[in-house]
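The file input-v1.cif comes next; it holds mmCIF, C-alpha atoms (C1' of nucleotides).
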data_protein
#
loop_
_atom_site.label_atom_id
_atom_site.label_comp_id
_atom_site.auth_asym_id
_atom_site.auth_seq_id
_atom_site.Cartn_x
_atom_site.Cartn_y
_atom_site.Cartn_z
CA MET A 1 87.49 148.43 72.60
CA ARG A 2 86.72 147.43 69.06
CA LEU A 3 83.37 145.98 68.12
CA THR A 4 83.36 143.27 65.49
CA THR A 5 81.59 139.99 64.83
CA LYS A 6 84.61 138.34 66.38
CA GLY A 7 83.73 139.76 69.74
CA ARG A 8 80.07 139.06 69.17
CA TYR A 9 80.81 135.44 68.43
CA ALA A 10 82.85 135.20 71.58
CA VAL A 11 80.12 136.69 73.74
CA THR A 12 77.48 134.48 72.20
CA ALA A 13 79.58 131.39 72.78
CA MET A 14 80.34 132.40 76.36
CA LEU A 15 76.67 132.96 76.97
CA ASP A 16 76.04 129.44 75.75
CA LEU A 17 78.50 128.19 78.36
CA ALA A 18 76.85 130.32 81.01
CA LEU A 19 73.51 128.74 80.17
CA HIS A 20 75.01 125.39 81.13
CA GLU A 21 76.77 126.49 84.28
CA GLY A 22 76.70 123.63 86.77
CA LYS A 23 75.61 121.15 84.11
CA GLN A 24 77.64 119.12 81.63
CA PRO A 25 80.45 120.95 79.88
CA VAL A 26 79.52 122.19 76.41
CA THR A 27 81.41 121.06 73.34
CA LEU A 28 82.47 123.47 70.65
CA GLN A 29 80.71 121.20 68.18
CA ASP A 30 77.52 121.93 70.06
CA ILE A 31 78.07 125.67 70.09
CA ALA A 32 79.02 125.61 66.43
CA ILE A 33 75.67 124.10 65.51
CA ASN A 34 73.50 126.13 67.85
CA GLN A 35 75.09 129.51 67.31
CA GLU A 36 76.00 128.91 63.68
CA ILE A 37 79.69 129.59 64.00
CA SER A 38 82.39 127.55 62.28
CA LEU A 39 83.94 124.97 64.63
CA SER A 40 87.53 125.83 63.82
CA TYR A 41 86.90 129.51 64.18
CA LEU A 42 85.45 128.79 67.59
CA GLU A 43 88.61 126.87 68.43
CA GLN A 44 90.65 129.93 67.61
CA LEU A 45 88.47 132.14 69.74
CA PHE A 46 88.51 129.70 72.64
CA ALA A 47 92.27 129.53 72.56
CA LEU A 48 92.23 133.24 73.36
CA LEU A 49 89.46 132.93 75.91
CA ARG A 50 91.39 130.17 77.65
CA GLN A 51 94.54 132.28 77.76
CA ALA A 52 92.52 134.97 79.49
CA GLY A 53 91.25 132.43 82.02
CA LEU A 54 87.67 132.95 80.94
CA VAL A 55 87.08 129.29 80.06
CA ARG A 56 88.41 125.90 81.12
CA GLY A 57 88.70 123.10 78.58
CA ILE A 58 88.00 119.49 79.50
CA ARG A 59 89.39 116.95 77.08
CA GLY A 60 88.11 113.59 76.06
CA PRO A 61 84.64 112.19 75.58
CA GLY A 62 82.07 113.93 77.70
CA GLY A 63 84.43 116.88 77.77
CA GLY A 64 83.93 120.37 76.47
CA TYR A 65 84.23 123.82 77.96
CA ARG A 66 83.15 125.39 81.22
CA LEU A 67 83.32 128.97 82.38
CA GLY A 68 86.60 129.78 84.10
CA GLN A 69 84.76 131.98 86.58
CA SER A 70 81.18 132.24 87.67
CA ALA A 71 78.82 133.97 85.23
CA GLY A 72 78.35 136.84 87.64
CA ARG A 73 82.05 137.64 87.58
CA VAL A 74 82.57 137.78 83.82
CA SER A 75 81.76 141.04 82.08
CA ILE A 76 81.06 141.40 78.38
CA ALA A 77 83.95 143.85 78.11
CA GLU A 78 86.37 141.21 79.41
CA ILE A 79 85.25 138.75 76.78
CA ILE A 80 85.63 141.17 73.91
CA SER A 81 88.99 142.38 75.17
CA ALA A 82 90.27 138.82 75.36
CA VAL A 83 89.42 138.18 71.75
CA ASP A 84 90.18 141.55 70.13
CA GLU A 85 93.91 141.66 70.62
CA ASN A 86 94.63 145.08 69.16
CA SER A 87 91.76 146.96 70.62
CA ASP A 88 93.53 150.26 70.21
CA MET A 89 90.57 151.88 68.50
CA THR A 90 92.67 151.84 65.33
CA ARG A 91 95.66 154.04 65.93
CA CYS A 92 94.05 156.45 68.37
CA GLY A 93 93.79 154.53 71.58
CA GLY A 94 96.40 154.09 74.22
CA LYS A 95 99.18 156.33 73.01
CA ALA A 96 98.73 159.92 72.06
CA ASP A 97 101.16 160.08 69.18
CA CYS A 98 98.88 159.54 66.24
CA GLN A 99 99.84 162.86 64.66
CA GLN A 100 103.61 162.98 64.12
CA GLY A 101 104.36 162.56 67.80
CA GLU A 102 101.39 164.59 68.97
CA GLU A 103 97.69 164.14 69.45
CA CYS A 104 95.39 164.31 66.48
CA LEU A 105 92.42 166.66 66.49
CA THR A 106 89.83 164.17 67.58
CA HIS A 107 91.99 162.11 69.89
CA GLU A 108 90.15 163.10 73.02
CA LEU A 109 86.80 162.25 71.51
CA TRP A 110 87.74 158.69 70.63
CA THR A 111 89.35 157.84 73.93
CA GLU A 112 86.30 159.23 75.66
CA LEU A 113 83.95 157.18 73.53
CA SER A 114 86.11 154.12 73.97
CA GLU A 115 85.85 154.49 77.72
CA LYS A 116 82.11 154.95 77.57
CA ILE A 117 81.69 151.77 75.58
CA TYR A 118 83.98 149.87 77.89
CA GLN A 119 82.09 151.06 80.94
CA PHE A 120 78.81 150.08 79.41
CA LEU A 121 79.99 146.60 78.53
CA ASP A 122 81.95 146.11 81.71
CA ASP A 123 78.86 146.77 83.72
CA ILE A 124 77.02 143.84 82.14
CA SER A 125 77.90 140.34 83.32
CA LEU A 126 76.96 137.08 81.67
CA LYS A 127 74.64 136.51 84.57
CA ASP A 128 72.87 139.77 83.83
CA LEU A 129 72.26 138.59 80.30
CA LEU A 130 70.92 135.26 81.54
CA GLN A 131 68.28 137.08 83.49
CA ARG A 132 66.87 138.90 80.51
CA PRO A 133 63.58 137.48 79.28
CA ARG A 134 64.51 137.82 75.61
CA VAL A 135 67.70 135.88 76.11
CA CYS A 136 65.87 133.16 78.01
CA GLU A 137 63.35 132.74 75.22
CA VAL A 138 66.01 132.30 72.59
CA ALA A 139 67.93 129.94 74.89
CA GLU A 140 64.92 127.72 75.41
CA ARG A 141 64.20 127.56 71.72
CA GLN A 142 67.80 126.51 71.12
CA GLU A 143 67.66 123.97 73.91
CA GLY A 144 64.68 122.37 72.23
CA ARG A 145 66.54 122.09 68.96
CA ARG A 146 69.57 120.75 70.77
CA LYS A 147 67.65 117.87 72.30
CA ALA A 148 65.95 117.05 69.02
CA ALA A 149 69.33 116.91 67.33
CA ILE A 150 70.70 114.54 69.95
CA LYS A 151 67.72 112.22 69.58
CA GLN A 152 68.17 112.13 65.82
CA GLY A 153 71.90 111.85 66.07
CA ALA A 154 71.78 108.85 68.45
CA ALA A 155 71.11 106.47 65.55
CA ALA A 156 73.40 108.09 63.02
CA GLN A 157 76.17 108.70 65.51
CA THR A 158 78.23 105.65 64.51
CA VAL A 159 78.21 106.45 60.81
CA THR A 160 81.84 107.39 60.34
CA PHE A 161 84.48 106.81 57.74
CA ASP A 162 88.17 107.10 58.51
CA GLY A 163 87.23 109.03 61.60
CA HIS A 164 85.18 111.53 59.62
CA SER A 165 81.48 111.54 60.12
CA ILE A 166 79.32 111.20 57.02
CA GLY A 167 75.81 112.51 56.77
CA GLY A 168 74.34 115.18 58.97
CA THR A 169 75.53 118.70 58.47
CA MET B 170 76.90 152.50 64.25
CA ARG B 171 80.25 151.04 63.40
CA LEU B 172 83.47 152.64 64.53
CA THR B 173 86.41 152.57 62.18
CA THR B 174 89.20 154.84 61.07
CA LYS B 175 86.98 155.73 58.15
CA GLY B 176 84.54 157.47 60.46
CA ARG B 177 87.36 158.97 62.44
CA TYR B 178 88.90 160.43 59.30
CA ALA B 179 85.55 161.89 58.35
CA VAL B 180 85.03 163.50 61.74
CA THR B 181 88.56 164.88 61.79
CA ALA B 182 88.13 166.38 58.34
CA MET B 183 84.75 167.87 59.24
CA LEU B 184 86.24 169.37 62.33
CA ASP B 185 88.87 170.99 60.16
CA LEU B 186 86.09 172.57 58.11
CA ALA B 187 84.34 173.67 61.26
CA LEU B 188 87.51 175.42 62.39
CA HIS B 189 87.29 177.57 59.27
CA GLU B 190 83.59 178.31 59.39
CA GLY B 191 83.01 181.79 58.02
CA LYS B 192 86.52 182.00 56.60
CA GLN B 193 87.89 180.78 53.28
CA PRO B 194 86.73 177.31 52.15
CA VAL B 195 89.23 174.58 52.95
CA THR B 196 90.77 172.46 50.22
CA LEU B 197 91.12 168.73 50.54
CA GLN B 198 94.79 169.17 49.74
CA ASP B 199 95.04 171.24 52.88
CA ILE B 200 93.20 168.72 55.02
CA ALA B 201 95.25 165.89 53.57
CA ILE B 202 98.46 167.54 54.72
CA ASN B 203 97.28 168.70 58.10
CA GLN B 204 95.37 165.62 59.14
CA GLU B 205 97.67 163.18 57.37
CA ILE B 206 95.00 161.53 55.26
CA SER B 207 95.45 160.56 51.63
CA LEU B 208 93.91 163.13 49.28
CA SER B 209 92.04 160.66 47.14
CA TYR B 210 90.68 158.85 50.14
CA LEU B 211 89.39 162.18 51.39
CA GLU B 212 87.73 162.70 48.02
CA GLN B 213 85.86 159.46 48.46
CA LEU B 214 84.78 160.37 51.95
CA PHE B 215 83.69 163.83 50.86
CA ALA B 216 81.60 162.39 48.06
CA LEU B 217 79.60 160.62 50.76
CA LEU B 218 79.53 163.65 53.03
CA ARG B 219 78.27 165.76 50.17
CA GLN B 220 75.52 163.28 49.38
CA ALA B 221 74.41 163.57 52.98
CA GLY B 222 74.37 167.34 52.68
CA LEU B 223 77.03 167.73 55.34
CA VAL B 224 79.44 169.63 53.12
CA ARG B 225 79.27 171.92 50.10
CA GLY B 226 81.99 171.83 47.47
CA ILE B 227 83.18 174.98 45.73
CA ARG B 228 85.10 174.41 42.53
CA GLY B 229 87.93 176.29 40.97
CA PRO B 230 90.90 178.14 42.42
CA GLY B 231 90.17 179.57 45.83
CA GLY B 232 87.54 176.87 46.18
CA GLY B 233 87.37 174.00 48.60
CA TYR B 234 84.75 172.76 51.01
CA ARG B 235 82.45 174.41 53.50
CA LEU B 236 80.11 172.90 56.04
CA GLY B 237 76.66 172.25 54.62
CA GLN B 238 75.11 173.27 57.91
CA SER B 239 76.32 175.27 60.87
CA ALA B 240 78.73 173.47 63.20
CA GLY B 241 76.18 173.47 65.97
CA ARG B 242 73.73 171.49 63.87
CA VAL B 243 76.03 168.65 62.81
CA SER B 244 76.45 165.78 65.23
CA ILE B 245 79.33 163.32 65.21
CA ALA B 246 76.87 160.48 64.74
CA GLU B 247 75.58 162.03 61.53
CA ILE B 248 79.07 162.25 60.12
CA ILE B 249 79.91 158.65 60.89
CA SER B 250 76.59 157.41 59.58
CA ALA B 251 77.11 159.26 56.31
CA VAL B 252 80.42 157.56 55.75
CA ASP B 253 79.78 154.07 57.14
CA GLU B 254 77.22 152.83 54.66
CA ASN B 255 76.57 149.42 56.12
CA SER B 256 76.40 150.39 59.73
CA ASP B 257 74.36 147.34 60.57
CA MET B 258 76.65 146.37 63.45
CA THR B 259 77.71 143.42 61.28
CA ARG B 260 74.67 141.28 60.75
CA CYS B 261 72.91 142.05 64.02
CA GLY B 262 71.52 145.50 63.56
CA GLY B 263 68.32 146.49 61.92
CA LYS B 264 66.69 143.18 61.20
CA ALA B 265 66.19 140.48 63.78
CA ASP B 266 66.76 137.46 61.58
CA CYS B 267 70.39 136.74 62.23
CA GLN B 268 69.66 133.21 63.45
CA GLN B 269 67.81 131.26 60.76
CA GLY B 270 64.95 133.70 60.67
CA GLU B 271 65.01 134.42 64.39
CA GLU B 272 67.00 136.48 66.82
CA CYS B 273 70.39 135.29 67.96
CA LEU B 274 71.19 135.02 71.64
CA THR B 275 72.91 138.34 72.02
CA HIS B 276 70.82 140.31 69.58
CA GLU B 277 69.27 142.54 72.19
CA LEU B 278 72.64 143.36 73.69
CA TRP B 279 74.11 144.62 70.44
CA THR B 280 71.18 146.73 69.43
CA GLU B 281 71.18 148.24 72.89
CA LEU B 282 74.88 149.02 72.73
CA SER B 283 74.50 150.40 69.26
CA GLU B 284 71.84 152.78 70.47
CA LYS B 285 73.96 153.89 73.40
CA ILE B 286 76.87 154.69 71.15
CA TYR B 287 74.64 156.53 68.75
CA GLN B 288 73.10 158.59 71.51
CA PHE B 289 76.49 159.49 72.87
CA LEU B 290 77.80 160.60 69.49
CA ASP B 291 74.59 162.26 68.44
CA ASP B 292 74.72 164.44 71.50
CA ILE B 293 78.07 165.93 70.50
CA SER B 294 78.11 168.55 67.74
CA LEU B 295 81.11 169.86 65.88
CA LYS B 296 80.63 173.10 67.74
CA ASP B 297 80.91 171.25 71.04
CA LEU B 298 84.24 169.87 69.92
CA LEU B 299 85.45 173.30 68.90
CA GLN B 300 84.90 174.53 72.41
CA ARG B 301 87.12 171.93 74.01
CA PRO B 302 90.47 173.28 75.13
CA ARG B 303 92.40 170.22 73.94
CA VAL B 304 90.94 170.52 70.47
CA CYS B 305 91.76 174.22 70.33
CA GLU B 306 95.36 173.58 71.27
CA VAL B 307 95.84 171.04 68.53
CA ALA B 308 94.04 173.28 66.06
CA GLU B 309 96.31 176.21 66.82
CA ARG B 310 99.40 174.09 66.45
CA GLN B 311 98.15 172.95 63.07
CA GLU B 312 97.26 176.48 62.04
CA GLY B 313 100.83 177.49 62.73
CA ARG B 314 102.16 174.73 60.53
CA ARG B 315 99.64 175.58 57.86
CA LYS B 316 100.83 179.17 57.59
CA ALA B 317 104.47 178.12 57.58
CA ALA B 318 103.77 175.72 54.74
CA ILE B 319 102.07 178.42 52.70
CA LYS B 320 105.02 180.76 53.18
CA GLN B 321 107.46 178.07 52.08
CA GLY B 322 105.21 176.91 49.30
CA ALA B 323 104.85 180.39 47.81
CA ALA B 324 108.23 180.12 46.16
CA ALA B 325 108.08 176.46 45.20
CA GLN B 326 104.48 176.65 44.09
CA THR B 327 105.24 176.83 40.39
CA VAL B 328 107.47 173.77 40.36
CA THR B 329 105.31 171.44 38.33
CA PHE B 330 105.83 168.87 35.64
CA ASP B 331 103.06 167.83 33.31
CA GLY B 332 100.60 169.35 35.72
CA HIS B 333 101.92 167.28 38.62
CA SER B 334 103.72 169.08 41.38
CA ILE B 335 107.21 167.90 42.18
CA GLY B 336 108.94 168.38 45.46
CA GLY B 337 107.23 168.70 48.80
CA THR B 338 105.61 165.60 50.22
"C1'" DT C 339 91.65 100.10 72.04
"C1'" DA C 340 88.54 103.17 69.79
"C1'" DA C 341 86.01 107.19 70.00
"C1'" DT C 342 85.69 111.86 71.50
"C1'" DT C 343 87.14 115.84 72.50
"C1'" DT C 344 90.46 119.66 73.28
"C1'" DC C 345 94.48 121.67 71.55
"C1'" DC C 346 97.76 123.30 68.03
"C1'" DT C 347 99.58 125.25 63.61
"C1'" DA C 348 99.30 126.55 59.01
"C1'" DT C 349 96.96 127.88 55.01
"C1'" DT C 350 93.22 129.77 52.23
"C1'" DT C 351 89.40 132.65 51.07
"C1'" DA C 352 86.52 136.72 51.43
"C1'" DT C 353 85.77 141.16 52.85
"C1'" DT C 354 86.83 145.62 53.90
"C1'" DT C 355 89.94 149.51 54.44
"C1'" DA C 356 92.89 152.44 52.70
"C1'" DC C 357 95.26 154.11 49.06
"C1'" DT C 358 96.48 154.92 44.04
"C1'" DT C 359 95.92 156.23 39.29
"C1'" DG C 360 94.23 158.81 35.72
"C1'" DG C 361 91.26 161.22 34.29
"C1'" DT C 362 86.83 165.32 33.53
"C1'" DT C 363 84.73 169.36 34.63
"C1'" DT C 364 84.19 173.94 36.73
"C1'" DT C 365 85.96 178.22 38.04
"C1'" DT C 366 89.26 181.81 38.89
"C1'" DA C 367 93.13 184.70 37.73
"C1'" DT C 368 96.61 186.22 34.47
"C1'" DA D 369 92.05 182.83 25.77
"C1'" DT D 370 94.71 180.21 28.49
"C1'" DA D 371 96.63 178.03 32.44
"C1'" DA D 372 96.18 176.66 36.90
"C1'" DA D 373 93.48 175.17 40.84
"C1'" DA D 374 90.32 173.00 42.59
"C1'" DA D 375 86.17 169.72 42.92
"C1'" DC D 376 84.36 165.65 40.87
"C1'" DC D 377 84.42 160.83 39.01
"C1'" DA D 378 85.57 155.77 38.15
"C1'" DA D 379 88.58 152.01 38.33
"C1'" DG D 380 91.88 149.38 40.17
"C1'" DT D 381 95.47 147.92 43.71
"C1'" DA D 382 97.44 146.77 48.25
"C1'" DA D 383 97.15 145.56 52.84
"C1'" DA D 384 94.85 144.15 56.77
"C1'" DT D 385 91.65 141.48 59.00
"C1'" DA D 386 87.94 138.26 59.57
"C1'" DA D 387 86.36 133.90 58.82
"C1'" DA D 388 86.85 129.45 57.41
"C1'" DT D 389 89.54 125.22 56.21
"C1'" DA D 390 92.77 121.41 56.77
"C1'" DG D 391 95.29 118.15 59.13
"C1'" DG D 392 96.87 116.75 62.59
"C1'" DA D 393 98.69 115.63 68.17
"C1'" DA D 394 97.51 114.88 72.89
"C1'" DA D 395 94.39 113.73 76.50
"C1'" DT D 396 90.61 111.35 78.36
"C1'" DT D 397 86.75 108.33 78.75
"C1'" DA D 398 84.12 104.11 77.99
#

Encoded form (structure tokens):
Amino acid sequence: MRLTTKGRYAVTAMLDLALHEGKQPVTLQDIAINQEISLSYLEQLFALLRQAGLVRGIRGPGGGYRLGQSAGRVSIAEIISAVDENSDMTRCGGKADCQQGEECLTHELWTELSEKIYQFLDDISLKDLLQRPRVCEVAERQEGRRKAAIKQGAAAQTVTFDGHSIGGT
Amino acid sequence: MRLTTKGRYAVTAMLDLALHEGKQPVTLQDIAINQEISLSYLEQLFALLRQAGLVRGIRGPGGGYRLGQSAGRVSIAEIISAVDENSDMTRCGGKADCQQGEECLTHELWTELSEKIYQFLDDISLKDLLQRPRVCEVAERQEGRRKAAIKQGAAAQTVTFDGHSIGGT
DNA sequence: TAATTTCCTATTTATTTACTTGGTTTTTAT
DNA sequence: ATAAAAACCAAGTAAATAAATAGGAAATTA
């Protein structure tokens, strides 16, 4: 269990999906704007999330992503694990041969900590996060911005050149 | 509280000092060999540890490093904090303005986790680690190797060229 | 048929870790 | 005194990873 912005991005994006459970699928474009993550980086992350069965992609206009399982079933630990491929706590994780075939001095400590972190994060589901007041507040603020952006975008939406949109961010 | 090999190296090295509390100071050379960490990298880490008052350097032959405080007083969290300068959990740590001046969706989650990890590591002192059977085993194994190396080295010790030792690893 | 979106692959840039090099100072022992 | 052993110091390099970029192909909808 390694903790980086990569995992944080993934959790944030998944939470965005969870906020729209049952509604329209969410596009990566949308997440990119709202959560301030680069679109292509999101694509990379979602490729991993899809492999892990955590999301389902829907192609074509009106498409986007949906959760692969219900928000109550997905733990934060699962999300981070899916995205952090070598989560071996840098050398000292699964195998105990970090010290010329044997354990290093602090091996036990790191595996223990790693487990603790995993347990903590595995005990929190996306649904749990949705129920937190702080998260709700931020979500509503973002939802407001989202709608405003759509209203603005409705006029400018057709402004494209060679398939690339001009104007807007 | 960020967890990297950097912090792990620091804790391992500090534990090595703790194992020799009351005895001769331990040289970085010694730690480098036993814990398989590059000498100069250790020097960098120890510069930080010294700034934090966690170690005391003793110059000259027969010198080395000693703990700055007794092993029971030094927590693992302190060691990692001393070495990981920007332990801001990558963007989302101290300040709550990760999202254009406001909190991001998962802000609360990360600060919470960060605190949990800190608490866990702050509750473990070097002395606590010394009392673990697994740690003792590894320490004894290393102590054996250490003595063997000294015996071997006694003869080859003078083999130097331009002040740089030749032979050995 | 055109637009929208996922999906895919490769490359580039930036950052950080880890290591290296080449010193200087201080202290001890011969 | 002198040489050796150590801490101390300052750059620079290499490697790994994160993050972003670029340029598409395939699927789906309107």

Residues selected by the PyMOL selection byres ((chain B and resi 218) around 10), written as a list of chain:residue names: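 Answer for the PyMOL selection byres ((chain B and resi 218) around 10): B:Ala179, B:Met183, B:Glu212, B:Gln213, B:Leu214, B:Phe215, B:Ala216, B:Leu217, B:Arg219, B:Gln220, B:Ala221, B:Gly222, B:Leu223, B:Val224, B:Arg225, B:Leu236, B:Gly237, B:Glu247, B:Ile248, B:Ile249, B:Ser250, B:Ala251, B:Val252.
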
Keeping C-alpha atoms for every residue in the selection just given, could you write it to a file as a tab-separated table (two decimals), in the coordinates of the input?
chain	number	residue	atom	x	y	z
B	179	ALA	CA	85.55	161.89	58.35
B	183	MET	CA	84.75	167.87	59.24
B	212	GLU	CA	87.73	162.70	48.02
B	213	GLN	CA	85.86	159.46	48.46
B	214	LEU	CA	84.78	160.37	51.95
B	215	PHE	CA	83.69	163.83	50.86
B	216	ALA	CA	81.60	162.39	48.06
B	217	LEU	CA	79.60	160.62	50.76
B	219	ARG	CA	78.27	165.76	50.17
B	220	GLN	CA	75.52	163.28	49.38
B	221	ALA	CA	74.41	163.57	52.98
B	222	GLY	CA	74.37	167.34	52.68
B	223	LEU	CA	77.03	167.73	55.34
B	224	VAL	CA	79.44	169.63	53.12
B	225	ARG	CA	79.27	171.92	50.10
B	236	LEU	CA	80.11	172.90	56.04
B	237	GLY	CA	76.66	172.25	54.62
B	247	GLU	CA	75.58	162.03	61.53
B	248	ILE	CA	79.07	162.25	60.12
B	249	ILE	CA	79.91	158.65	60.89
B	250	SER	CA	76.59	157.41	59.58
B	251	ALA	CA	77.11	159.26	56.31
B	252	VAL	CA	80.42	157.56	55.75

Residue members of the PyMOL selection byres ((chain B) within 10 of (chain A)) in the file shown, as number ranges by chain: B: 170-175, 177-178, 180-182, 184-185, 203-205, 245, 258-261, 267-269, 271-279, 282-283, 285-286, 289-290, 293, 298-299, 301, 303-308, 311

Contact residues (chain B, partner chain D, 7 Å, only C-alpha atoms (C1' of nucleotides)) as a PyMOL selection string: chain B and resi 226-230+232-233

Store the residues picked out above in a file with C-alpha atoms, as a PDB file, in the frame of the given file.
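This is the output file selection-v9.pdb:
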ATOM      1  CA  GLY B 226      81.990 171.830  47.470  1.00  0.00           C
ATOM      2  CA  ILE B 227      83.180 174.980  45.730  1.00  0.00           C
ATOM      3  CA  ARG B 228      85.100 174.410  42.530  1.00  0.00           C
ATOM      4  CA  GLY B 229      87.930 176.290  40.970  1.00  0.00           C
ATOM      5  CA  PRO B 230      90.900 178.140  42.420  1.00  0.00           C
ATOM      6  CA  GLY B 232      87.540 176.870  46.180  1.00  0.00           C
ATOM      7  CA  GLY B 233      87.370 174.000  48.600  1.00  0.00           C
TER       8      GLY B 233
END

How close does each residue of chain C get to chain A, giving the shortest atom pair and distance in Å to one decimal for every residue with an atom at most 9 Å away, counting all atoms listed in the file, sorted by chain and residue number, as JSON lines?
{"residue": "C:DA341", "atom": "C1'", "partner": "A:Pro61", "partner_atom": "CA", "distance": 7.6}
{"residue": "C:DT342", "atom": "C1'", "partner": "A:Pro61", "partner_atom": "CA", "distance": 4.2}
{"residue": "C:DT343", "atom": "C1'", "partner": "A:Gly60", "partner_atom": "CA", "distance": 4.3}
{"residue": "C:DT344", "atom": "C1'", "partner": "A:Arg59", "partner_atom": "CA", "distance": 4.8}
{"residue": "C:DC345", "atom": "C1'", "partner": "A:Ala47", "partner_atom": "CA", "distance": 8.2}

Next, the residues of the selection above should be written as a PDB file, in the frame of the given file with C-alpha atoms (C1' of nucleotides).
ATOM      1  C1'  DA C 341      86.010 107.190  70.000  1.00  0.00           C
ATOM      2  C1'  DT C 342      85.690 111.860  71.500  1.00  0.00           C
ATOM      3  C1'  DT C 343      87.140 115.840  72.500  1.00  0.00           C
ATOM      4  C1'  DT C 344      90.460 119.660  73.280  1.00  0.00           C
ATOM      5  C1'  DC C 345      94.480 121.670  71.550  1.00  0.00           C
TER       6       DC C 345
END

Atom CA of Ser75 of chain A to atom CA of Lys127 of chain A, distance in Å rounded to a single decimal: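 Taking atom CA of Ser75 of chain A as the start and atom CA of Lys127 of chain A as the end point, the length is 8.8 Å.
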
Distance of atom CA of Gln69 of chain A from atom CA of Leu39 of chain A, expressed in Å to one decimal place: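 Atom CA of Gln69 of chain A lies at a distance of 23.1 Å from atom CA of Leu39 of chain A.
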
Residue completion, segment 104-116 of chain A, N, CA, C and O atoms, as a PDB file, in the frame of the given file:
ATOM      1  N   CYS A 104      96.154 163.832  67.624  1.00  0.00           N
ATOM      2  CA  CYS A 104      95.390 164.310  66.480  1.00  0.00           C
ATOM      3  C   CYS A 104      94.186 165.101  67.013  1.00  0.00           C
ATOM      4  O   CYS A 104      93.892 165.071  68.202  1.00  0.00           O
ATOM      5  N   LEU A 105      93.512 165.758  66.111  1.00  0.00           N
ATOM      6  CA  LEU A 105      92.420 166.660  66.490  1.00  0.00           C
ATOM      7  C   LEU A 105      91.344 165.985  67.335  1.00  0.00           C
ATOM      8  O   LEU A 105      90.838 166.555  68.285  1.00  0.00           O
ATOM      9  N   THR A 106      90.975 164.800  66.935  1.00  0.00           N
ATOM     10  CA  THR A 106      89.830 164.170  67.580  1.00  0.00           C
ATOM     11  C   THR A 106      90.228 163.098  68.593  1.00  0.00           C
ATOM     12  O   THR A 106      89.408 162.291  69.007  1.00  0.00           O
ATOM     13  N   HIS A 107      91.483 163.129  68.982  1.00  0.00           N
ATOM     14  CA  HIS A 107      91.990 162.110  69.890  1.00  0.00           C
ATOM     15  C   HIS A 107      91.132 161.953  71.150  1.00  0.00           C
ATOM     16  O   HIS A 107      90.705 160.874  71.512  1.00  0.00           O
ATOM     17  N   GLU A 108      90.901 163.080  71.757  1.00  0.00           N
ATOM     18  CA  GLU A 108      90.150 163.100  73.020  1.00  0.00           C
ATOM     19  C   GLU A 108      88.782 162.444  72.867  1.00  0.00           C
ATOM     20  O   GLU A 108      88.352 161.641  73.696  1.00  0.00           O
ATOM     21  N   LEU A 109      88.136 162.779  71.766  1.00  0.00           N
ATOM     22  CA  LEU A 109      86.800 162.250  71.510  1.00  0.00           C
ATOM     23  C   LEU A 109      86.776 160.730  71.485  1.00  0.00           C
ATOM     24  O   LEU A 109      85.927 160.095  72.101  1.00  0.00           O
ATOM     25  N   TRP A 110      87.748 160.148  70.785  1.00  0.00           N
ATOM     26  CA  TRP A 110      87.740 158.690  70.630  1.00  0.00           C
ATOM     27  C   TRP A 110      88.085 157.962  71.914  1.00  0.00           C
ATOM     28  O   TRP A 110      87.526 156.908  72.207  1.00  0.00           O
ATOM     29  N   THR A 111      89.014 158.495  72.665  1.00  0.00           N
ATOM     30  CA  THR A 111      89.350 157.840  73.930  1.00  0.00           C
ATOM     31  C   THR A 111      88.141 157.924  74.865  1.00  0.00           C
ATOM     32  O   THR A 111      87.817 156.962  75.556  1.00  0.00           O
ATOM     33  N   GLU A 112      87.478 159.051  74.821  1.00  0.00           N
ATOM     34  CA  GLU A 112      86.300 159.230  75.660  1.00  0.00           C
ATOM     35  C   GLU A 112      85.212 158.208  75.291  1.00  0.00           C
ATOM     36  O   GLU A 112      84.660 157.521  76.152  1.00  0.00           O
ATOM     37  N   LEU A 113      84.964 158.118  74.004  1.00  0.00           N
ATOM     38  CA  LEU A 113      83.950 157.180  73.530  1.00  0.00           C
ATOM     39  C   LEU A 113      84.335 155.751  73.897  1.00  0.00           C
ATOM     40  O   LEU A 113      83.519 154.962  74.374  1.00  0.00           O
ATOM     41  N   SER A 114      85.595 155.460  73.674  1.00  0.00           N
ATOM     42  CA  SER A 114      86.110 154.120  73.970  1.00  0.00           C
ATOM     43  C   SER A 114      85.838 153.767  75.437  1.00  0.00           C
ATOM     44  O   SER A 114      85.396 152.670  75.752  1.00  0.00           O
ATOM     45  N   GLU A 115      86.089 154.716  76.301  1.00  0.00           N
ATOM     46  CA  GLU A 115      85.850 154.490  77.720  1.00  0.00           C
ATOM     47  C   GLU A 115      84.375 154.257  78.015  1.00  0.00           C
ATOM     48  O   GLU A 115      84.013 153.373  78.780  1.00  0.00           O
ATOM     49  N   LYS A 116      83.553 155.073  77.385  1.00  0.00           N
ATOM     50  CA  LYS A 116      82.110 154.950  77.570  1.00  0.00           C
ATOM     51  C   LYS A 116      81.627 153.538  77.199  1.00  0.00           C
ATOM     52  O   LYS A 116      80.856 152.907  77.917  1.00  0.00           O
TER      53      LYS A 116
END
